[in-house]
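> The following file, run.txt, comprises compact mmCIF, C-alpha atoms:
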# COMPACT_ATOMS: atom_id res chain seq x y z
CA MET A 12 10.30 -18.56 -20.06
CA ALA A 13 9.31 -15.12 -18.88
CA GLU A 14 10.74 -14.10 -15.58
CA GLU A 15 8.61 -12.09 -13.23
CA GLN A 16 8.67 -11.30 -9.54
CA ASN A 17 5.67 -10.41 -7.39
CA GLU A 18 4.21 -8.68 -4.41
CA ILE A 19 1.31 -6.27 -4.40
CA PRO A 20 2.59 -2.72 -4.96
CA ALA A 21 1.86 -0.29 -2.15
CA ALA A 22 -0.79 1.54 -4.17
CA ALA A 23 -2.67 -1.68 -4.86
CA ALA A 24 -2.36 -2.80 -1.25
CA GLU A 25 -3.69 0.49 0.09
CA GLN A 26 -6.85 0.45 -2.02
CA PRO A 27 -8.16 -3.11 -2.28
CA ALA A 28 -10.88 -3.55 -4.86
CA ALA A 29 -14.35 -4.28 -3.55
CA GLY A 30 -15.01 -7.98 -3.97
CA ALA A 31 -11.36 -8.77 -4.72
CA ARG A 32 -10.44 -12.41 -4.16
CA PHE A 33 -7.05 -14.08 -3.81
CA GLN A 34 -6.82 -17.75 -2.90
CA LEU A 35 -4.05 -20.32 -3.10
CA GLN A 36 -5.99 -23.39 -4.20
CA LYS A 37 -3.20 -25.92 -4.77
CA LEU A 38 0.53 -26.03 -4.13
CA TYR A 39 2.76 -28.55 -5.90
CA VAL A 40 6.23 -29.29 -7.24
CA LYS A 41 6.13 -29.39 -11.03
CA ASP A 42 9.76 -30.42 -11.62
CA VAL A 43 12.92 -31.09 -9.58
CA SER A 44 16.48 -31.63 -10.74
CA PHE A 45 19.75 -32.12 -8.88
CA GLU A 46 23.07 -32.80 -10.58
CA VAL A 47 26.62 -33.32 -9.32
CA PRO A 48 28.46 -33.56 -12.65
CA ASN A 49 31.98 -33.70 -11.18
CA ALA A 50 31.45 -36.22 -8.38
CA PRO A 51 33.39 -37.62 -6.62
CA GLN A 52 36.30 -35.27 -7.42
CA VAL A 53 34.30 -32.19 -6.35
CA PHE A 54 34.18 -33.52 -2.77
CA GLN A 55 38.00 -33.51 -2.61
CA GLN A 56 38.33 -29.82 -3.49
CA GLU A 57 39.15 -27.31 -0.78
CA GLY A 58 37.50 -23.93 -0.32
CA ALA A 59 34.02 -22.53 -0.56
CA ALA A 60 31.92 -22.83 -3.67
CA GLU A 61 30.56 -19.77 -5.46
CA ILE A 62 26.74 -19.83 -5.40
CA LYS A 63 24.58 -18.30 -8.14
CA LEU A 64 20.81 -18.00 -7.84
CA ASN A 65 18.48 -17.56 -10.81
CA LEU A 66 14.74 -16.99 -10.58
CA ALA A 67 12.18 -17.27 -13.34
CA GLN A 68 8.43 -17.25 -13.36
CA ARG A 69 5.72 -18.34 -15.74
CA VAL A 70 2.01 -17.56 -15.46
CA ASN A 71 -0.61 -19.64 -17.27
CA SER A 72 -4.31 -18.86 -17.33
CA VAL A 73 -6.10 -22.12 -16.49
CA GLY A 74 -9.66 -20.83 -16.50
CA GLU A 75 -11.80 -17.86 -15.54
CA GLY A 76 -9.98 -16.27 -12.60
CA LEU A 77 -7.69 -19.31 -12.14
CA PHE A 78 -3.95 -19.08 -12.78
CA GLU A 79 -1.05 -21.48 -12.56
CA VAL A 80 2.09 -19.68 -11.40
CA VAL A 81 5.36 -21.59 -11.71
CA LEU A 82 8.38 -20.20 -9.87
CA SER A 83 11.66 -21.68 -11.08
CA VAL A 84 14.58 -21.48 -8.67
CA THR A 85 17.99 -22.58 -9.94
CA VAL A 86 21.09 -22.71 -7.76
CA THR A 87 24.47 -23.35 -9.36
CA ALA A 88 27.53 -23.89 -7.17
CA THR A 89 30.96 -23.75 -8.76
CA ALA A 90 34.28 -24.73 -7.21
CA GLY A 91 37.06 -23.20 -9.26
CA GLU A 92 36.11 -23.84 -12.88
CA ASN A 93 34.03 -26.93 -12.10
CA THR A 94 30.35 -27.14 -11.32
CA ALA A 95 29.94 -28.58 -7.84
CA TYR A 96 26.17 -28.96 -8.14
CA LEU A 97 23.12 -27.69 -9.93
CA ALA A 98 19.76 -27.72 -8.11
CA GLU A 99 16.54 -26.63 -9.79
CA VAL A 100 12.96 -26.60 -8.56
CA HIS A 101 9.82 -25.55 -10.42
CA GLN A 102 7.41 -24.80 -7.56
CA ALA A 103 3.86 -24.23 -8.75
CA GLY A 104 0.56 -23.10 -7.38
CA LEU A 105 -2.99 -22.66 -8.59
CA PHE A 106 -4.32 -19.27 -7.57
CA GLY A 107 -7.88 -18.02 -7.74
CA ILE A 108 -7.80 -14.28 -8.42
CA SER A 109 -10.77 -12.11 -9.26
CA GLY A 110 -12.20 -8.66 -8.74
CA LEU A 111 -8.99 -6.80 -9.62
CA GLU A 112 -8.19 -4.43 -12.45
CA ASP A 113 -5.71 -5.78 -15.02
CA GLN A 114 -2.75 -3.83 -13.61
CA GLN A 115 -3.52 -4.94 -10.05
CA GLN A 116 -3.95 -8.54 -11.22
CA GLN A 117 -0.56 -8.45 -12.97
CA ALA A 118 1.03 -7.08 -9.81
CA VAL A 119 -0.51 -9.86 -7.70
CA LEU A 120 0.57 -12.56 -10.19
CA ASN A 121 4.09 -11.17 -10.27
CA THR A 122 4.61 -10.39 -6.59
CA LEU A 123 2.23 -12.04 -4.16
CA CYS A 124 2.07 -15.42 -5.93
CA PRO A 125 5.86 -16.03 -6.12
CA HIS A 126 6.15 -14.69 -2.57
CA GLN A 127 3.82 -17.53 -1.53
CA LEU A 128 5.76 -20.13 -3.55
CA PHE A 129 9.34 -19.18 -2.69
CA PRO A 130 9.57 -20.66 0.84
CA TYR A 131 8.52 -24.08 -0.49
CA ALA A 132 11.02 -23.91 -3.36
CA ALA A 133 13.78 -22.80 -0.97
CA ARG A 134 13.05 -25.67 1.40
CA THR A 135 13.21 -28.15 -1.47
CA ILE A 136 16.52 -26.71 -2.72
CA THR A 137 17.96 -26.83 0.81
CA GLY A 138 17.01 -30.48 1.13
CA LEU A 139 18.46 -31.40 -2.27
CA VAL A 140 21.79 -29.73 -1.46
CA ALA A 141 22.04 -31.40 1.96
CA ASP A 142 21.05 -34.82 0.56
CA GLY A 143 23.66 -34.31 -2.17
CA GLY A 144 26.41 -34.26 0.46
CA PHE A 145 27.12 -30.53 0.47
CA PRO A 146 27.21 -27.99 3.32
CA PRO A 147 23.86 -26.47 4.28
CA LEU A 148 22.51 -23.79 1.96
CA VAL A 149 20.11 -21.15 3.23
CA LEU A 150 18.36 -19.06 0.59
CA GLN A 151 17.52 -15.60 1.83
CA PRO A 152 13.99 -14.23 1.30
CA ILE A 153 13.37 -12.39 -1.98
CA ASN A 154 11.59 -9.03 -2.20
CA PHE A 155 9.40 -9.82 -5.20
CA ASP A 156 7.82 -6.37 -5.07
CA HIS A 157 11.23 -4.78 -5.63
CA VAL A 158 12.06 -7.18 -8.47
CA TYR A 159 8.70 -6.48 -10.13
CA GLN A 160 9.23 -2.72 -9.86
CA GLN A 161 12.70 -3.09 -11.45
CA ARG A 162 11.27 -5.11 -14.33
CA MET A 163 8.53 -2.57 -14.89
CA GLN A 164 11.13 0.23 -15.01
CA GLU A 165 13.30 -1.78 -17.44
CA ALA A 166 10.29 -2.40 -19.69
CA GLN A 167 9.46 1.32 -19.67
CA MET A 168 13.07 2.21 -20.55
CA GLN A 169 13.10 -0.32 -23.41
CA GLN A 170 9.81 1.00 -24.71
CA ALA A 171 11.12 4.58 -24.53
CA ALA A 172 14.31 3.54 -26.36
CA GLY A 173 12.20 1.81 -29.02
CA ASP A 174 10.07 4.94 -29.42
CA ILE A 175 13.21 7.05 -29.85
CA GLU A 176 14.60 4.64 -32.47
CA ALA A 177 11.26 4.60 -34.32
CA GLY A 178 11.28 8.41 -34.33
CA ASN A 179 14.79 8.47 -35.83
CA ALA A 180 13.92 6.05 -38.61
Let me see the structure of the file written as structure tokens.

Amino acid sequence: MAEEQNEIPAAAAEQPAAGARFQLQKLYVKDVSFEVPNAPQVFQQEGAAEIKLNLAQRVNSVGEGLFEVVLSVTVTATAGENTAYLAEVHQAGLFGISGLEDQQQQAVLNTLCPHQLFPYAARTITGLVADGGFPPLVLQPINFDHVYQQRMQEAQMQQAAGDIEAGNA
């Protein structure tokens, strides 16, 4: 599953395309999972759990100008060497996007769309953790624009490294 993060880059935000359209048409949970593999022993352990957050994103073209964006949020809490819990949500949305150049559209799909989905996924994760008998978990907001920029830079560096290797061959 390809991971991508989104928010409209400053350049795209400053010069909106004439006739550009962005609309969240449907919001839904595609999949939810919560596991406590070491219960009830995990509830007897002392100390704070270590929390790890993983994000992934998938974009599917559903039709002309219609995209399904699925943001996967996985939280793993470990206590010592044991997994305390694993919570995962695949929050999805159908977005109508048109009137943008390809690069702008990719930026919107990878920044603005997950930015719209994240609060719903975070709320679901928070509820799962609390209902699972664990202390409250608050997920901090994610700067999807920053994550997207990092991924673009990494892709450029990999491409440059590939070009260098191809030149040495």
> Considering all atoms listed in the file, can you say which of A:Ser83, A:Gln115, A:Thr94, A:Gln169 comes closest to A:Ala60?
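Counting all atoms listed in the file, the residue closest to A:Ala60 is A:Thr94.
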> What is the distance between atom CA of A:Pro130 and atom CA of A:Ala88, in Å to one decimal?
19.9 Å
> Would you mind telling me which residue in A:Pro146, A:Gly76, A:Gly173, A:Pro152 lies nearest to A:Gly110 when using all atoms listed in the file?
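Residue with the minimum atom-to-atom distance to A:Gly110: A:Gly76.
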> Please tabulate, as a tab-separated table, the residues of stretch 16-118 of chain A that come within 12 Å of stretch 124-128 of chain A, each with its closest pair of atoms and the distance in Å to one decimal, counting only C-alpha atoms and ordering rows by chain, then residue number upward.

residue	atom	partner	partner_atom	distance
A:Gln16	CA	A:Pro125	CA	6.5
A:Asn17	CA	A:Pro125	CA	5.8
A:Glu18	CA	A:His126	CA	6.6
A:Ile19	CA	A:Cys124	CA	9.3
A:Phe33	CA	A:Cys124	CA	9.5
A:Gln34	CA	A:Cys124	CA	9.7
A:Leu35	CA	A:Cys124	CA	8.3
A:Gln36	CA	A:Cys124	CA	11.5
A:Lys37	CA	A:Leu128	CA	10.7
A:Leu38	CA	A:Leu128	CA	7.9
A:Tyr39	CA	A:Leu128	CA	9.2
A:Val40	CA	A:Leu128	CA	9.9
A:Lys41	CA	A:Leu128	CA	11.9
A:Leu66	CA	A:Pro125	CA	10.0
A:Ala67	CA	A:Pro125	CA	9.7
A:Gln68	CA	A:Pro125	CA	7.8
A:Arg69	CA	A:Pro125	CA	9.9
A:Val70	CA	A:Cys124	CA	9.8
A:Phe78	CA	A:Cys124	CA	9.8
A:Glu79	CA	A:Cys124	CA	9.5
A:Val80	CA	A:Cys124	CA	6.9
A:Val81	CA	A:Pro125	CA	7.9
A:Leu82	CA	A:Pro125	CA	6.1
A:Ser83	CA	A:Pro125	CA	9.5
A:Val84	CA	A:Leu128	CA	10.3
A:Val100	CA	A:Leu128	CA	10.9
A:His101	CA	A:Leu128	CA	9.6
A:Gln102	CA	A:Leu128	CA	6.4
A:Ala103	CA	A:Leu128	CA	6.9
A:Gly104	CA	A:Leu128	CA	7.1
A:Leu105	CA	A:Cys124	CA	9.2
A:Phe106	CA	A:Cys124	CA	7.6
A:Gly107	CA	A:Cys124	CA	10.4
A:Ile108	CA	A:Cys124	CA	10.2
A:Gln116	CA	A:Cys124	CA	10.6
A:Gln117	CA	A:Cys124	CA	10.2
A:Ala118	CA	A:Cys124	CA	9.3
> Hey, can you check how far atom CA of A:Val149 sits from atom CA of A:Ala133?
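Those two atoms sit 7.8 Å apart.
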> Nearest to A:Pro147 among A:Arg134, A:Ala50, A:Asn65, A:Arg162, with distances taken over only C-alpha atoms: which residue is it?
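Ranked by minimum distance to A:Pro147, first place goes to A:Arg134.
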> With only C-alpha atoms as the basis for distance, which of A:Leu64, A:Pro48, A:Gln167, A:Glu176 is at the shortest distance from A:Leu150?
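Smallest separation from A:Leu150 among the options: A:Leu64.
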> Would you please work out which residue, of A:Thr85, A:Gln55, A:Asn121, A:Asn49, is nearest to A:Asn154 when using all atoms listed in the file?
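Once distances to A:Asn154 are computed over all atoms listed in the file, the minimum belongs to A:Asn121.
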> In terms of the shortest atom-to-atom distance over all atoms listed in the file, which of A:Val73, A:Ala98, A:Ala166, A:Ala90 is closest to A:Phe45?
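Of A:Val73, A:Ala98, A:Ala166, A:Ala90, the one nearest A:Phe45 is A:Ala98, counting all atoms listed in the file.
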> Do you have the atom CA of A:Phe155-atom CA of A:Lys63 distance handy?
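Value for the atom CA of A:Phe155-atom CA of A:Lys63 distance: 17.6 Å.
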> Could you please fill out stretch 47-63 of chain A with N, CA and C atoms and send it back as a PDB file, in the frame of the given file?

ATOM      1  N   VAL A  47      25.246 -33.485  -9.821  1.00  0.00           N
ATOM      2  CA  VAL A  47      26.620 -33.320  -9.320  1.00  0.00           C
ATOM      3  C   VAL A  47      27.518 -33.869 -10.421  1.00  0.00           C
ATOM      4  N   PRO A  48      27.765 -33.055 -11.463  1.00  0.00           N
ATOM      5  CA  PRO A  48      28.460 -33.560 -12.650  1.00  0.00           C
ATOM      6  C   PRO A  48      29.917 -33.951 -12.428  1.00  0.00           C
ATOM      7  N   ASN A  49      30.556 -33.422 -11.388  1.00  0.00           N
ATOM      8  CA  ASN A  49      31.980 -33.700 -11.180  1.00  0.00           C
ATOM      9  C   ASN A  49      32.252 -34.527  -9.931  1.00  0.00           C
ATOM     10  N   ALA A  50      31.257 -35.335  -9.527  1.00  0.00           N
ATOM     11  CA  ALA A  50      31.450 -36.220  -8.380  1.00  0.00           C
ATOM     12  C   ALA A  50      32.288 -37.413  -8.828  1.00  0.00           C
ATOM     13  N   PRO A  51      33.111 -37.956  -8.022  1.00  0.00           N
ATOM     14  CA  PRO A  51      33.390 -37.620  -6.620  1.00  0.00           C
ATOM     15  C   PRO A  51      34.514 -36.601  -6.443  1.00  0.00           C
ATOM     16  N   GLN A  52      35.158 -36.182  -7.534  1.00  0.00           N
ATOM     17  CA  GLN A  52      36.300 -35.270  -7.420  1.00  0.00           C
ATOM     18  C   GLN A  52      35.928 -33.957  -6.721  1.00  0.00           C
ATOM     19  N   VAL A  53      34.704 -33.474  -6.929  1.00  0.00           N
ATOM     20  CA  VAL A  53      34.300 -32.190  -6.350  1.00  0.00           C
ATOM     21  C   VAL A  53      34.345 -32.233  -4.822  1.00  0.00           C
ATOM     22  N   PHE A  54      34.166 -33.411  -4.228  1.00  0.00           N
ATOM     23  CA  PHE A  54      34.180 -33.520  -2.770  1.00  0.00           C
ATOM     24  C   PHE A  54      35.593 -33.455  -2.203  1.00  0.00           C
ATOM     25  N   GLN A  55      36.602 -33.565  -3.055  1.00  0.00           N
ATOM     26  CA  GLN A  55      38.000 -33.510  -2.610  1.00  0.00           C
ATOM     27  C   GLN A  55      38.574 -32.104  -2.715  1.00  0.00           C
ATOM     28  N   GLN A  56      37.835 -31.186  -3.320  1.00  0.00           N
ATOM     29  CA  GLN A  56      38.330 -29.820  -3.490  1.00  0.00           C
ATOM     30  C   GLN A  56      38.183 -29.037  -2.197  1.00  0.00           C
ATOM     31  N   GLU A  57      39.150 -28.159  -1.964  1.00  0.00           N
ATOM     32  CA  GLU A  57      39.150 -27.310  -0.780  1.00  0.00           C
ATOM     33  C   GLU A  57      38.521 -25.958  -1.128  1.00  0.00           C
ATOM     34  N   GLY A  58      38.031 -25.268  -0.124  1.00  0.00           N
ATOM     35  CA  GLY A  58      37.500 -23.930  -0.320  1.00  0.00           C
ATOM     36  C   GLY A  58      36.002 -23.909  -0.530  1.00  0.00           C
ATOM     37  N   ALA A  59      35.469 -22.718  -0.426  1.00  0.00           N
ATOM     38  CA  ALA A  59      34.020 -22.530  -0.560  1.00  0.00           C
ATOM     39  C   ALA A  59      33.623 -22.417  -2.022  1.00  0.00           C
ATOM     40  N   ALA A  60      32.460 -22.920  -2.314  1.00  0.00           N
ATOM     41  CA  ALA A  60      31.920 -22.830  -3.670  1.00  0.00           C
ATOM     42  C   ALA A  60      31.265 -21.463  -3.866  1.00  0.00           C
ATOM     43  N   GLU A  61      31.267 -21.004  -5.108  1.00  0.00           N
ATOM     44  CA  GLU A  61      30.560 -19.770  -5.460  1.00  0.00           C
ATOM     45  C   GLU A  61      29.129 -20.159  -5.825  1.00  0.00           C
ATOM     46  N   ILE A  62      28.159 -19.498  -5.212  1.00  0.00           N
ATOM     47  CA  ILE A  62      26.740 -19.830  -5.400  1.00  0.00           C
ATOM     48  C   ILE A  62      26.087 -18.757  -6.269  1.00  0.00           C
ATOM     49  N   LYS A  63      25.365 -19.208  -7.293  1.00  0.00           N
ATOM     50  CA  LYS A  63      24.580 -18.300  -8.140  1.00  0.00           C
ATOM     51  C   LYS A  63      23.120 -18.735  -8.077  1.00  0.00           C
TER      52      LYS A  63
END
